[in-house]
>>> print(open('upload_17.txt').read())   # compact mmCIF, N, CA and C atoms
# COMPACT_ATOMS: atom_id res chain seq x y z
N MET X 1 125.83 -86.05 155.29
CA MET X 1 124.96 -84.90 155.16
C MET X 1 125.45 -83.99 154.05
N SER X 2 124.50 -83.32 153.43
CA SER X 2 124.88 -82.36 152.41
C SER X 2 125.16 -81.02 153.07
N GLY X 3 125.51 -80.01 152.29
CA GLY X 3 125.86 -78.71 152.82
C GLY X 3 124.75 -78.06 153.63
N ASN X 4 123.49 -78.38 153.33
CA ASN X 4 122.38 -77.79 154.07
C ASN X 4 121.93 -78.69 155.22
N GLY X 5 122.70 -79.73 155.52
CA GLY X 5 122.37 -80.61 156.63
C GLY X 5 121.43 -81.74 156.28
N LYS X 6 121.02 -81.84 155.01
CA LYS X 6 120.11 -82.90 154.59
C LYS X 6 120.77 -84.25 154.89
N PRO X 7 120.10 -85.12 155.63
CA PRO X 7 120.70 -86.40 156.04
C PRO X 7 120.70 -87.43 154.89
N LEU X 8 121.55 -87.21 153.91
CA LEU X 8 121.55 -88.03 152.69
C LEU X 8 121.79 -89.52 152.96
N LYS X 9 122.72 -89.85 153.86
CA LYS X 9 122.98 -91.26 154.15
C LYS X 9 121.72 -91.94 154.67
N ASP X 10 121.02 -91.28 155.58
CA ASP X 10 119.79 -91.83 156.14
C ASP X 10 118.71 -91.96 155.06
N ILE X 11 118.59 -90.96 154.22
CA ILE X 11 117.57 -90.98 153.16
C ILE X 11 117.83 -92.14 152.20
N ILE X 12 119.07 -92.28 151.76
CA ILE X 12 119.41 -93.37 150.83
C ILE X 12 119.20 -94.72 151.49
N PHE X 13 119.57 -94.84 152.77
CA PHE X 13 119.39 -96.09 153.50
C PHE X 13 117.91 -96.45 153.61
N ILE X 14 117.07 -95.49 153.95
CA ILE X 14 115.63 -95.74 154.07
C ILE X 14 115.04 -96.10 152.70
N ILE X 15 115.41 -95.37 151.66
CA ILE X 15 114.89 -95.66 150.32
C ILE X 15 115.27 -97.08 149.91
N ARG X 16 116.51 -97.46 150.10
CA ARG X 16 116.94 -98.82 149.73
C ARG X 16 116.21 -99.88 150.55
N SER X 17 115.91 -99.57 151.79
CA SER X 17 115.23 -100.53 152.66
C SER X 17 113.75 -100.69 152.32
N LEU X 18 113.11 -99.66 151.82
CA LEU X 18 111.67 -99.68 151.55
C LEU X 18 111.30 -99.96 150.10
N SER X 19 112.21 -99.70 149.19
CA SER X 19 111.88 -99.67 147.78
C SER X 19 111.66 -101.04 147.15
N LEU X 20 110.66 -101.09 146.28
CA LEU X 20 110.41 -102.23 145.40
C LEU X 20 110.32 -101.67 143.99
N ARG X 21 111.19 -102.12 143.12
CA ARG X 21 111.29 -101.56 141.77
C ARG X 21 109.94 -101.47 141.05
N GLU X 22 109.08 -102.46 141.24
CA GLU X 22 107.80 -102.47 140.51
C GLU X 22 106.83 -101.38 140.97
N ARG X 23 107.10 -100.74 142.08
CA ARG X 23 106.23 -99.65 142.56
C ARG X 23 106.68 -98.28 142.09
N ILE X 24 107.83 -98.18 141.47
CA ILE X 24 108.35 -96.87 141.04
C ILE X 24 107.61 -96.41 139.79
N SER X 25 107.11 -95.19 139.84
CA SER X 25 106.41 -94.58 138.71
C SER X 25 107.25 -93.44 138.16
N ARG X 26 107.25 -93.28 136.86
CA ARG X 26 107.94 -92.14 136.24
C ARG X 26 106.89 -91.11 135.84
N LEU X 27 107.08 -89.90 136.35
CA LEU X 27 106.19 -88.80 136.02
C LEU X 27 106.92 -87.82 135.11
N ASN X 28 106.16 -87.19 134.23
CA ASN X 28 106.71 -86.18 133.35
C ASN X 28 106.74 -84.83 134.03
N ASN X 29 107.56 -83.93 133.52
CA ASN X 29 107.61 -82.57 134.03
C ASN X 29 106.20 -81.98 134.02
N HIS X 30 105.83 -81.30 135.08
CA HIS X 30 104.54 -80.64 135.29
C HIS X 30 103.41 -81.59 135.68
N GLN X 31 103.65 -82.89 135.69
CA GLN X 31 102.60 -83.83 136.08
C GLN X 31 102.34 -83.72 137.58
N ALA X 32 101.07 -83.82 137.96
CA ALA X 32 100.68 -83.66 139.36
C ALA X 32 100.58 -85.00 140.07
N ILE X 33 100.88 -84.97 141.37
CA ILE X 33 100.71 -86.11 142.26
C ILE X 33 99.77 -85.61 143.35
N HIS X 34 98.60 -86.22 143.43
CA HIS X 34 97.64 -85.82 144.45
C HIS X 34 97.72 -86.80 145.60
N PHE X 35 97.59 -86.29 146.80
CA PHE X 35 97.56 -87.14 147.98
C PHE X 35 96.14 -87.69 148.06
N ASP X 36 95.98 -88.95 147.69
CA ASP X 36 94.69 -89.59 147.56
C ASP X 36 94.18 -90.09 148.90
N ALA X 37 93.18 -89.41 149.44
CA ALA X 37 92.64 -89.80 150.75
C ALA X 37 92.01 -91.19 150.71
N GLU X 38 91.43 -91.58 149.57
CA GLU X 38 90.80 -92.89 149.46
C GLU X 38 91.83 -94.01 149.49
N ALA X 39 93.02 -93.76 148.96
CA ALA X 39 94.07 -94.79 148.94
C ALA X 39 94.75 -94.90 150.30
N GLY X 40 94.49 -93.96 151.17
CA GLY X 40 95.10 -93.97 152.50
C GLY X 40 96.41 -93.20 152.52
N SER X 41 96.90 -92.98 153.70
CA SER X 41 98.15 -92.25 153.87
C SER X 41 99.30 -93.05 153.27
N ALA X 42 100.31 -92.34 152.84
CA ALA X 42 101.47 -93.01 152.24
C ALA X 42 102.71 -92.15 152.40
N CYS X 43 103.83 -92.81 152.30
CA CYS X 43 105.14 -92.18 152.28
C CYS X 43 105.59 -92.17 150.81
N LEU X 44 106.20 -91.09 150.38
CA LEU X 44 106.69 -91.00 149.00
C LEU X 44 108.21 -91.02 149.00
N LEU X 45 108.77 -91.86 148.14
CA LEU X 45 110.22 -91.95 147.96
C LEU X 45 110.56 -91.32 146.63
N PHE X 46 111.38 -90.29 146.66
CA PHE X 46 111.84 -89.63 145.43
C PHE X 46 113.18 -90.26 145.04
N HIS X 47 113.18 -91.03 143.96
CA HIS X 47 114.39 -91.69 143.51
C HIS X 47 115.22 -90.78 142.60
N ARG X 48 114.54 -90.05 141.72
CA ARG X 48 115.23 -89.19 140.76
C ARG X 48 114.30 -88.06 140.37
N GLY X 49 114.84 -86.85 140.30
CA GLY X 49 114.06 -85.71 139.86
C GLY X 49 113.67 -84.79 141.00
N SER X 50 112.72 -83.90 140.71
CA SER X 50 112.29 -82.92 141.71
C SER X 50 110.83 -82.57 141.51
N ALA X 51 110.25 -81.97 142.55
CA ALA X 51 108.85 -81.58 142.50
C ALA X 51 108.63 -80.36 143.38
N ALA X 52 107.55 -79.67 143.12
CA ALA X 52 107.12 -78.55 143.95
C ALA X 52 105.91 -79.01 144.75
N LEU X 53 105.90 -78.70 146.04
CA LEU X 53 104.74 -78.93 146.88
C LEU X 53 103.90 -77.66 146.78
N ARG X 54 102.67 -77.80 146.30
CA ARG X 54 101.80 -76.64 146.06
C ARG X 54 100.56 -76.70 146.94
N ARG X 55 100.14 -75.54 147.40
CA ARG X 55 98.91 -75.41 148.18
C ARG X 55 97.74 -75.42 147.20
N LYS X 56 96.73 -76.25 147.46
CA LYS X 56 95.58 -76.36 146.56
C LYS X 56 94.79 -75.07 146.45
N SER X 57 94.66 -74.34 147.54
CA SER X 57 93.80 -73.15 147.56
C SER X 57 94.26 -72.05 146.60
N ASP X 58 95.57 -71.91 146.39
CA ASP X 58 96.06 -70.84 145.53
C ASP X 58 97.22 -71.25 144.61
N ASP X 59 97.54 -72.54 144.58
CA ASP X 59 98.62 -73.10 143.75
C ASP X 59 100.00 -72.55 144.10
N ARG X 60 100.14 -71.90 145.24
CA ARG X 60 101.43 -71.34 145.66
C ARG X 60 102.42 -72.47 145.99
N VAL X 61 103.64 -72.31 145.53
CA VAL X 61 104.70 -73.26 145.85
C VAL X 61 105.14 -73.00 147.30
N VAL X 62 105.04 -74.02 148.13
CA VAL X 62 105.45 -73.88 149.53
C VAL X 62 106.74 -74.66 149.80
N ALA X 63 107.12 -75.54 148.89
CA ALA X 63 108.36 -76.30 149.06
C ALA X 63 108.83 -76.83 147.72
N ARG X 64 110.14 -76.95 147.60
CA ARG X 64 110.74 -77.62 146.44
C ARG X 64 111.49 -78.82 146.99
N ILE X 65 111.20 -79.97 146.41
CA ILE X 65 111.75 -81.22 146.93
C ILE X 65 112.61 -81.85 145.84
N HIS X 66 113.85 -82.16 146.20
CA HIS X 66 114.81 -82.73 145.26
C HIS X 66 115.21 -84.13 145.72
N SER X 67 115.38 -85.01 144.75
CA SER X 67 115.77 -86.38 145.10
C SER X 67 117.24 -86.41 145.52
N PRO X 68 117.64 -87.39 146.28
CA PRO X 68 116.76 -88.36 146.93
C PRO X 68 116.03 -87.69 148.09
N SER X 69 114.80 -88.15 148.31
CA SER X 69 114.03 -87.58 149.40
C SER X 69 112.96 -88.56 149.86
N VAL X 70 112.59 -88.43 151.12
CA VAL X 70 111.54 -89.25 151.72
C VAL X 70 110.52 -88.27 152.30
N ILE X 71 109.29 -88.34 151.81
CA ILE X 71 108.23 -87.43 152.22
C ILE X 71 107.10 -88.25 152.84
N GLY X 72 106.59 -87.81 153.97
CA GLY X 72 105.42 -88.45 154.56
C GLY X 72 105.71 -89.49 155.62
N LEU X 73 106.90 -89.46 156.20
CA LEU X 73 107.18 -90.40 157.29
C LEU X 73 106.20 -90.22 158.44
N ASN X 74 105.68 -89.03 158.59
CA ASN X 74 104.71 -88.76 159.66
C ASN X 74 103.37 -89.44 159.41
N SER X 75 103.17 -90.05 158.24
CA SER X 75 101.91 -90.74 157.96
C SER X 75 101.69 -91.95 158.85
N VAL X 76 102.75 -92.47 159.47
CA VAL X 76 102.58 -93.61 160.38
C VAL X 76 101.90 -93.17 161.67
N LEU X 77 101.85 -91.88 161.92
CA LEU X 77 101.27 -91.36 163.17
C LEU X 77 99.79 -91.08 163.10
N GLY X 78 99.24 -91.04 161.91
CA GLY X 78 97.81 -90.75 161.82
C GLY X 78 97.42 -90.27 160.44
N PRO X 79 96.28 -89.60 160.35
CA PRO X 79 95.76 -89.15 159.06
C PRO X 79 96.76 -88.29 158.29
N ASP X 80 96.71 -88.42 156.99
CA ASP X 80 97.62 -87.70 156.11
C ASP X 80 97.39 -86.20 156.23
N PRO X 81 98.45 -85.44 156.59
CA PRO X 81 98.29 -84.00 156.77
C PRO X 81 98.36 -83.21 155.46
N TYR X 82 98.47 -83.90 154.33
CA TYR X 82 98.73 -83.22 153.07
C TYR X 82 97.50 -83.01 152.20
N HIS X 83 96.29 -83.19 152.73
CA HIS X 83 95.11 -83.09 151.88
C HIS X 83 94.89 -81.68 151.31
N HIS X 84 95.56 -80.67 151.85
CA HIS X 84 95.45 -79.31 151.32
C HIS X 84 96.55 -79.00 150.30
N TYR X 85 97.34 -80.01 149.93
CA TYR X 85 98.48 -79.81 149.05
C TYR X 85 98.51 -80.85 147.95
N TYR X 86 99.31 -80.58 146.93
CA TYR X 86 99.61 -81.58 145.90
C TYR X 86 101.04 -81.33 145.44
N LEU X 87 101.61 -82.33 144.79
CA LEU X 87 102.96 -82.21 144.25
C LEU X 87 102.88 -82.04 142.74
N GLN X 88 103.80 -81.26 142.20
CA GLN X 88 103.89 -81.11 140.76
C GLN X 88 105.35 -81.33 140.36
N ALA X 89 105.57 -82.31 139.49
CA ALA X 89 106.93 -82.61 139.05
C ALA X 89 107.52 -81.38 138.36
N THR X 90 108.77 -81.07 138.67
CA THR X 90 109.47 -79.95 138.03
C THR X 90 110.58 -80.46 137.13
N SER X 91 110.62 -81.78 136.96
CA SER X 91 111.52 -82.47 136.03
C SER X 91 110.92 -83.87 135.88
N GLU X 92 111.53 -84.72 135.06
CA GLU X 92 111.10 -86.11 135.09
C GLU X 92 111.34 -86.61 136.51
N LEU X 93 110.37 -87.32 137.05
CA LEU X 93 110.43 -87.71 138.45
C LEU X 93 110.13 -89.19 138.60
N ASP X 94 111.05 -89.91 139.23
CA ASP X 94 110.82 -91.30 139.60
C ASP X 94 110.42 -91.30 141.07
N VAL X 95 109.17 -91.68 141.33
CA VAL X 95 108.62 -91.62 142.68
C VAL X 95 107.95 -92.94 143.01
N GLU X 96 107.95 -93.27 144.28
CA GLU X 96 107.37 -94.52 144.75
C GLU X 96 106.49 -94.24 145.96
N ARG X 97 105.30 -94.81 145.96
CA ARG X 97 104.36 -94.65 147.07
C ARG X 97 104.44 -95.91 147.93
N VAL X 98 104.69 -95.71 149.24
CA VAL X 98 104.76 -96.82 150.19
C VAL X 98 103.63 -96.64 151.19
N GLY X 99 102.75 -97.63 151.26
CA GLY X 99 101.62 -97.57 152.18
C GLY X 99 102.06 -97.56 153.63
N VAL X 100 101.20 -97.06 154.50
CA VAL X 100 101.51 -96.92 155.92
C VAL X 100 101.82 -98.28 156.57
N ALA X 101 101.07 -99.31 156.22
CA ALA X 101 101.30 -100.62 156.84
C ALA X 101 102.70 -101.13 156.51
N ARG X 102 103.08 -101.07 155.22
CA ARG X 102 104.42 -101.52 154.83
C ARG X 102 105.49 -100.63 155.46
N LEU X 103 105.26 -99.33 155.48
CA LEU X 103 106.21 -98.40 156.07
C LEU X 103 106.46 -98.75 157.53
N SER X 104 105.41 -98.86 158.30
CA SER X 104 105.54 -99.15 159.72
C SER X 104 106.18 -100.51 159.98
N GLU X 105 105.74 -101.53 159.24
CA GLU X 105 106.30 -102.88 159.40
C GLU X 105 107.79 -102.91 159.08
N THR X 106 108.18 -102.26 157.99
CA THR X 106 109.58 -102.28 157.58
C THR X 106 110.46 -101.48 158.54
N LEU X 107 109.98 -100.32 158.97
CA LEU X 107 110.76 -99.53 159.93
C LEU X 107 111.00 -100.32 161.21
N SER X 108 109.98 -101.04 161.67
CA SER X 108 110.12 -101.85 162.89
C SER X 108 110.98 -103.08 162.67
N ALA X 109 110.68 -103.83 161.60
CA ALA X 109 111.39 -105.09 161.34
C ALA X 109 112.89 -104.88 161.11
N LYS X 110 113.23 -103.78 160.45
CA LYS X 110 114.64 -103.50 160.13
C LYS X 110 115.26 -102.49 161.09
N ASN X 111 114.53 -102.13 162.14
CA ASN X 111 115.01 -101.19 163.15
C ASN X 111 115.51 -99.88 162.51
N LEU X 112 114.64 -99.27 161.73
CA LEU X 112 115.00 -98.06 160.99
C LEU X 112 114.42 -96.78 161.60
N TRP X 113 113.91 -96.88 162.82
CA TRP X 113 113.28 -95.71 163.42
C TRP X 113 114.25 -94.56 163.65
N GLU X 114 115.49 -94.86 164.01
CA GLU X 114 116.46 -93.78 164.26
C GLU X 114 116.76 -92.98 162.99
N PRO X 115 117.12 -93.61 161.85
CA PRO X 115 117.33 -92.80 160.65
C PRO X 115 116.04 -92.12 160.17
N ALA X 116 114.90 -92.79 160.37
CA ALA X 116 113.62 -92.17 159.98
C ALA X 116 113.38 -90.90 160.81
N CYS X 117 113.71 -90.94 162.09
CA CYS X 117 113.54 -89.75 162.95
C CYS X 117 114.46 -88.62 162.53
N ARG X 118 115.68 -88.94 162.12
CA ARG X 118 116.59 -87.88 161.66
C ARG X 118 116.05 -87.22 160.39
N ILE X 119 115.50 -88.02 159.48
CA ILE X 119 114.92 -87.46 158.25
C ILE X 119 113.72 -86.59 158.59
N LEU X 120 112.83 -87.11 159.41
CA LEU X 120 111.63 -86.37 159.79
C LEU X 120 111.98 -85.07 160.51
N SER X 121 112.97 -85.13 161.39
CA SER X 121 113.42 -83.92 162.10
C SER X 121 113.96 -82.88 161.13
N TRP X 122 114.73 -83.32 160.15
CA TRP X 122 115.27 -82.39 159.16
C TRP X 122 114.14 -81.77 158.34
N ASN X 123 113.17 -82.61 157.90
CA ASN X 123 112.03 -82.09 157.13
C ASN X 123 111.25 -81.05 157.94
N ILE X 124 110.99 -81.35 159.20
CA ILE X 124 110.26 -80.41 160.06
C ILE X 124 111.05 -79.12 160.23
N ASN X 125 112.36 -79.23 160.44
CA ASN X 125 113.20 -78.05 160.58
C ASN X 125 113.15 -77.18 159.33
N GLN X 126 113.20 -77.79 158.16
CA GLN X 126 113.15 -77.02 156.91
C GLN X 126 111.82 -76.29 156.78
N LEU X 127 110.73 -76.96 157.12
CA LEU X 127 109.42 -76.30 157.06
C LEU X 127 109.32 -75.17 158.07
N TYR X 128 109.88 -75.36 159.26
CA TYR X 128 109.90 -74.32 160.28
C TYR X 128 110.68 -73.10 159.78
N LEU X 129 111.85 -73.32 159.22
CA LEU X 129 112.66 -72.21 158.70
C LEU X 129 111.93 -71.50 157.56
N THR X 130 111.23 -72.25 156.73
CA THR X 130 110.45 -71.65 155.65
C THR X 130 109.37 -70.74 156.21
N THR X 131 108.71 -71.21 157.26
CA THR X 131 107.65 -70.42 157.89
C THR X 131 108.21 -69.12 158.45
N ILE X 132 109.36 -69.19 159.11
CA ILE X 132 109.99 -67.99 159.67
C ILE X 132 110.34 -67.01 158.55
N ARG X 133 110.94 -67.52 157.46
CA ARG X 133 111.29 -66.64 156.33
C ARG X 133 110.05 -66.03 155.70
N ALA X 134 108.98 -66.84 155.56
CA ALA X 134 107.75 -66.34 154.96
C ALA X 134 107.13 -65.25 155.83
N ASP X 135 107.15 -65.46 157.14
CA ASP X 135 106.61 -64.45 158.06
C ASP X 135 107.41 -63.16 157.99
N ALA X 136 108.74 -63.28 157.96
CA ALA X 136 109.61 -62.10 157.89
C ALA X 136 109.40 -61.37 156.56
N ALA X 137 109.29 -62.13 155.47
CA ALA X 137 109.09 -61.51 154.17
C ALA X 137 107.73 -60.82 154.10
N ALA X 138 106.71 -61.41 154.69
CA ALA X 138 105.38 -60.82 154.67
C ALA X 138 105.34 -59.51 155.45
N ARG X 139 106.13 -59.41 156.53
CA ARG X 139 106.18 -58.17 157.31
C ARG X 139 106.86 -57.06 156.51
N CYS X 140 107.84 -57.46 155.68
CA CYS X 140 108.58 -56.46 154.89
C CYS X 140 107.89 -56.13 153.59
N LYS X 141 107.27 -57.12 152.99
CA LYS X 141 106.74 -56.92 151.64
C LYS X 141 105.47 -57.75 151.49
N PRO X 142 104.33 -57.14 151.40
CA PRO X 142 103.07 -57.89 151.26
C PRO X 142 103.10 -58.81 150.04
N GLY X 143 102.64 -60.04 150.24
CA GLY X 143 102.60 -61.01 149.14
C GLY X 143 103.86 -61.80 148.98
N ALA X 144 104.92 -61.45 149.71
CA ALA X 144 106.19 -62.17 149.60
C ALA X 144 106.13 -63.43 150.43
N GLY X 145 107.03 -64.34 150.17
CA GLY X 145 107.09 -65.58 150.94
C GLY X 145 108.42 -66.26 150.74
N ALA X 146 108.54 -67.43 151.29
CA ALA X 146 109.77 -68.20 151.18
C ALA X 146 109.41 -69.62 150.87
N GLU X 147 110.35 -70.37 150.36
CA GLU X 147 110.12 -71.76 150.01
C GLU X 147 111.09 -72.66 150.74
N TYR X 148 110.59 -73.82 151.11
CA TYR X 148 111.41 -74.89 151.68
C TYR X 148 112.01 -75.67 150.52
N THR X 149 113.28 -75.91 150.55
CA THR X 149 113.89 -76.74 149.51
C THR X 149 114.50 -77.94 150.15
N GLY X 150 114.00 -79.09 149.83
CA GLY X 150 114.47 -80.34 150.42
C GLY X 150 115.02 -81.28 149.43
>>> encode(input="upload_17.txt", output="structure tokens")
Amino acid sequence: MSGNGKPLKDIIFIIRSLSLRERISRLNNHQAIHFDAEAGSACLLFHRGSAALRRKSDDRVVARIHSPSVIGLNSVLGPDPYHHYYLQATSELDVERVGVARLSETLSAKNLWEPACRILSWNINQLYLTTIRADAAARCKPGAGAEYTG
């Protein structure tokens, strides 16, 4: 784990277990990644670089995500919850999209549910803490907020 509790060993293990080199895309700084509803839900593997998760309605940054990272593990549970958001690279970014079928099959076949749960729990905790900070900042200063950094 890193200093903020990020489960790095689990993240690296999951990325190595799911990754196929030919699926990795390199994005330039400021390039957007949209969660494509037509392509179906997916998990994103951040191999190198960073991105901001932005709300579509006002372009507000709600999270900063740094590699290595696994985003969207919850996509195996149902419809993609990210249709109100998009990602914007904040550096050169090597990212890989893993479809739900492959994600679920690989997690089961390689018995990776335990490390996947630790990653998902950490991601949820970071978003929860962000929400608490944003609520506290809004009570003190209108228009203020907080960001999740993962």
>>> residues_near_point(input="upload_17.txt", point="(107.0, -81.4, 146.3)", cutoff="6 Å", atoms="only C-alpha atoms", output="PyMOL selection string")
chain X and resi 51-53+63-65+87
>>> atom_distance(input="upload_17.txt", atom1="atom C of X:Arg54", atom2="atom N of X:Val100")
21.7 Å
>>> residues_around(input="upload_17.txt", residues="X:Ser69", least_positions_apart="3", cutoff="6.5 Å", atoms="all atoms listed in the file", output="PyMOL selection string")
chain X and resi 11+44-47+66+150
>>> residues_around(input="upload_17.txt", residues="X:Glu22", least_positions_apart="3", cutoff="10 Å", atoms="only C-alpha atoms", output="list in words")
Ser19, Ser25 and Glu96 of chain X
>>> write_last_selection(input="upload_17.txt", atoms="N, CA and C atoms", output="PDB file, in the frame of the given file")
ATOM      1  N   SER X  19     112.210 -99.700 149.190  1.00  0.00           N
ATOM      2  CA  SER X  19     111.880 -99.670 147.780  1.00  0.00           C
ATOM      3  C   SER X  19     111.660-101.040 147.150  1.00  0.00           C
ATOM      4  N   SER X  25     107.110 -95.190 139.840  1.00  0.00           N
ATOM      5  CA  SER X  25     106.410 -94.580 138.710  1.00  0.00           C
ATOM      6  C   SER X  25     107.250 -93.440 138.160  1.00  0.00           C
ATOM      7  N   GLU X  96     107.950 -93.270 144.280  1.00  0.00           N
ATOM      8  CA  GLU X  96     107.370 -94.520 144.750  1.00  0.00           C
ATOM      9  C   GLU X  96     106.490 -94.240 145.960  1.00  0.00           C
TER      10      GLU X  96
END
>>> closest_residue(input="upload_17.txt", among="X:Val62, X:Tyr86, X:Val95, X:Gly72", to="X:Leu129", atoms="only C-alpha atoms")
X:Val62
>>> select_by_dssp(input="upload_17.txt", residues="stretch 49-131 of chain X", states="strand (DSSP E or B)", output="list in words")
Ser50, Ala51, Ala52, Leu53, Arg54, Arg55, Val61, Val62, Ala63, Arg64, Ile65, His66, Ser69, Val70, Ile71, Tyr85, Tyr86, Leu87, Gln88, Ala89, Leu93, Asp94, Val95, Glu96, Arg97, Val98 and Gly99 of chain X
>>> atom_distance(input="upload_17.txt", atom1="atom CA of X:Trp122", atom2="atom CA of X:Val76")
17.0 Å
>>> closest_residue(input="upload_17.txt", among="X:Val70, X:Ser121, X:Ala42, X:Phe35", to="X:Ala101", atoms="all atoms listed in the file")
X:Ala42
>>> atom_distance(input="upload_17.txt", atom1="atom CA of X:Lys56", atom2="atom CA of X:Ile24")
24.8 Å
>>> closest_residue(input="upload_17.txt", among="X:Arg97, X:His84, X:His30, X:Arg118", to="X:Lys9", atoms="only C-alpha atoms")
X:Arg118
>>> residues_around(input="upload_17.txt", residues="X:Trp113", least_positions_apart="4", cutoff="12 Å", atoms="only C-alpha atoms", output="list in words")
Asp10, Phe13, Ile14, Ser17, Leu73, Asn74, Val76, Leu103, Ser104, Glu105, Thr106, Leu107, Ser108, Ala109, Cys117, Arg118, Ile119, Leu120 and Ser121 of chain X
>>> axis_aligned_box(input="upload_17.txt", around="stretch 14-30 of chain X", padding_each_side="8 Å", output="lines of an AutoDock Vina configuration file")
center_x = 110.2
center_y = -91.6
center_z = 143.7
size_x = 29.7
size_y = 37.8
size_z = 36.7
>>> closest_residue(input="upload_17.txt", among="X:Asn28, X:Lys6, X:Leu18, X:Asp59", to="X:Arg102", atoms="all atoms listed in the file")
X:Leu18
>>> select_by_dssp(input="upload_17.txt", residues="stretch 85-134 of chain X", states="alpha helix (DSSP H)", output="PyMOL selection string")
chain X and resi 100-109+113-134
>>> closest_residue(input="upload_17.txt", among="X:Ser75, X:Leu8, X:Glu92, X:Leu27", to="X:Gly49", atoms="all atoms listed in the file")
X:Glu92
>>> closest_residue(input="upload_17.txt", among="X:Arg21, X:Lys110, X:Arg139, X:His83", to="X:His34", atoms="all atoms listed in the file")
X:His83
>>> decode(input="upload_17.txt", residues="stretch 56-73 of chain X", atoms="N, CA and C atoms", output="PDB file, in the first residue's frame")
ATOM      1  N   LYS X  56     -19.943  16.004 -16.643  1.00  0.00           N
ATOM      2  CA  LYS X  56     -20.348  16.556 -17.940  1.00  0.00           C
ATOM      3  C   LYS X  56     -21.145  17.844 -17.807  1.00  0.00           C
ATOM      4  N   SER X  57     -21.992  17.943 -16.796  1.00  0.00           N
ATOM      5  CA  SER X  57     -22.893  19.087 -16.678  1.00  0.00           C
ATOM      6  C   SER X  57     -22.170  20.419 -16.497  1.00  0.00           C
ATOM      7  N   ASP X  58     -21.016  20.421 -15.824  1.00  0.00           N
ATOM      8  CA  ASP X  58     -20.319  21.683 -15.581  1.00  0.00           C
ATOM      9  C   ASP X  58     -18.793  21.592 -15.738  1.00  0.00           C
ATOM     10  N   ASP X  59     -18.299  20.457 -16.222  1.00  0.00           N
ATOM     11  CA  ASP X  59     -16.859  20.213 -16.432  1.00  0.00           C
ATOM     12  C   ASP X  59     -16.034  20.266 -15.157  1.00  0.00           C
ATOM     13  N   ARG X  60     -16.675  20.226 -14.004  1.00  0.00           N
ATOM     14  CA  ARG X  60     -15.965  20.270 -12.724  1.00  0.00           C
ATOM     15  C   ARG X  60     -15.156  18.982 -12.512  1.00  0.00           C
ATOM     16  N   VAL X  61     -13.935  19.134 -12.046  1.00  0.00           N
ATOM     17  CA  VAL X  61     -13.101  17.985 -11.713  1.00  0.00           C
ATOM     18  C   VAL X  61     -13.605  17.413 -10.384  1.00  0.00           C
ATOM     19  N   VAL X  62     -13.986  16.147 -10.404  1.00  0.00           N
ATOM     20  CA  VAL X  62     -14.457  15.498  -9.183  1.00  0.00           C
ATOM     21  C   VAL X  62     -13.445  14.479  -8.669  1.00  0.00           C
ATOM     22  N   ALA X  63     -12.470  14.121  -9.496  1.00  0.00           N
ATOM     23  CA  ALA X  63     -11.437  13.180  -9.061  1.00  0.00           C
ATOM     24  C   ALA X  63     -10.213  13.318  -9.946  1.00  0.00           C
ATOM     25  N   ARG X  64      -9.060  13.057  -9.348  1.00  0.00           N
ATOM     26  CA  ARG X  64      -7.810  12.967 -10.103  1.00  0.00           C
ATOM     27  C   ARG X  64      -7.313  11.539  -9.925  1.00  0.00           C
ATOM     28  N   ILE X  65      -7.027  10.902 -11.040  1.00  0.00           N
ATOM     29  CA  ILE X  65      -6.654   9.490 -11.013  1.00  0.00           C
ATOM     30  C   ILE X  65      -5.242   9.353 -11.560  1.00  0.00           C
ATOM     31  N   HIS X  66      -4.388   8.702 -10.780  1.00  0.00           N
ATOM     32  CA  HIS X  66      -2.984   8.520 -11.144  1.00  0.00           C
ATOM     33  C   HIS X  66      -2.689   7.035 -11.310  1.00  0.00           C
ATOM     34  N   SER X  67      -1.859   6.740 -12.299  1.00  0.00           N
ATOM     35  CA  SER X  67      -1.498   5.340 -12.533  1.00  0.00           C
ATOM     36  C   SER X  67      -0.547   4.855 -11.443  1.00  0.00           C
ATOM     37  N   PRO X  68      -0.491   3.574 -11.210  1.00  0.00           N
ATOM     38  CA  PRO X  68      -1.399   2.576 -11.762  1.00  0.00           C
ATOM     39  C   PRO X  68      -2.755   2.682 -11.075  1.00  0.00           C
ATOM     40  N   SER X  69      -3.799   2.394 -11.853  1.00  0.00           N
ATOM     41  CA  SER X  69      -5.131   2.471 -11.291  1.00  0.00           C
ATOM     42  C   SER X  69      -6.086   1.585 -12.079  1.00  0.00           C
ATOM     43  N   VAL X  70      -7.115   1.129 -11.390  1.00  0.00           N
ATOM     44  CA  VAL X  70      -8.169   0.316 -11.999  1.00  0.00           C
ATOM     45  C   VAL X  70      -9.484   1.024 -11.702  1.00  0.00           C
ATOM     46  N   ILE X  71     -10.188   1.422 -12.753  1.00  0.00           N
ATOM     47  CA  ILE X  71     -11.434   2.172 -12.624  1.00  0.00           C
ATOM     48  C   ILE X  71     -12.559   1.358 -13.260  1.00  0.00           C
ATOM     49  N   GLY X  72     -13.683   1.260 -12.590  1.00  0.00           N
ATOM     50  CA  GLY X  72     -14.850   0.616 -13.182  1.00  0.00           C
ATOM     51  C   GLY X  72     -15.033  -0.848 -12.841  1.00  0.00           C
ATOM     52  N   LEU X  73     -14.408  -1.311 -11.772  1.00  0.00           N
ATOM     53  CA  LEU X  73     -14.631  -2.701 -11.365  1.00  0.00           C
ATOM     54  C   LEU X  73     -16.108  -2.962 -11.081  1.00  0.00           C
TER      55      LEU X  73
END
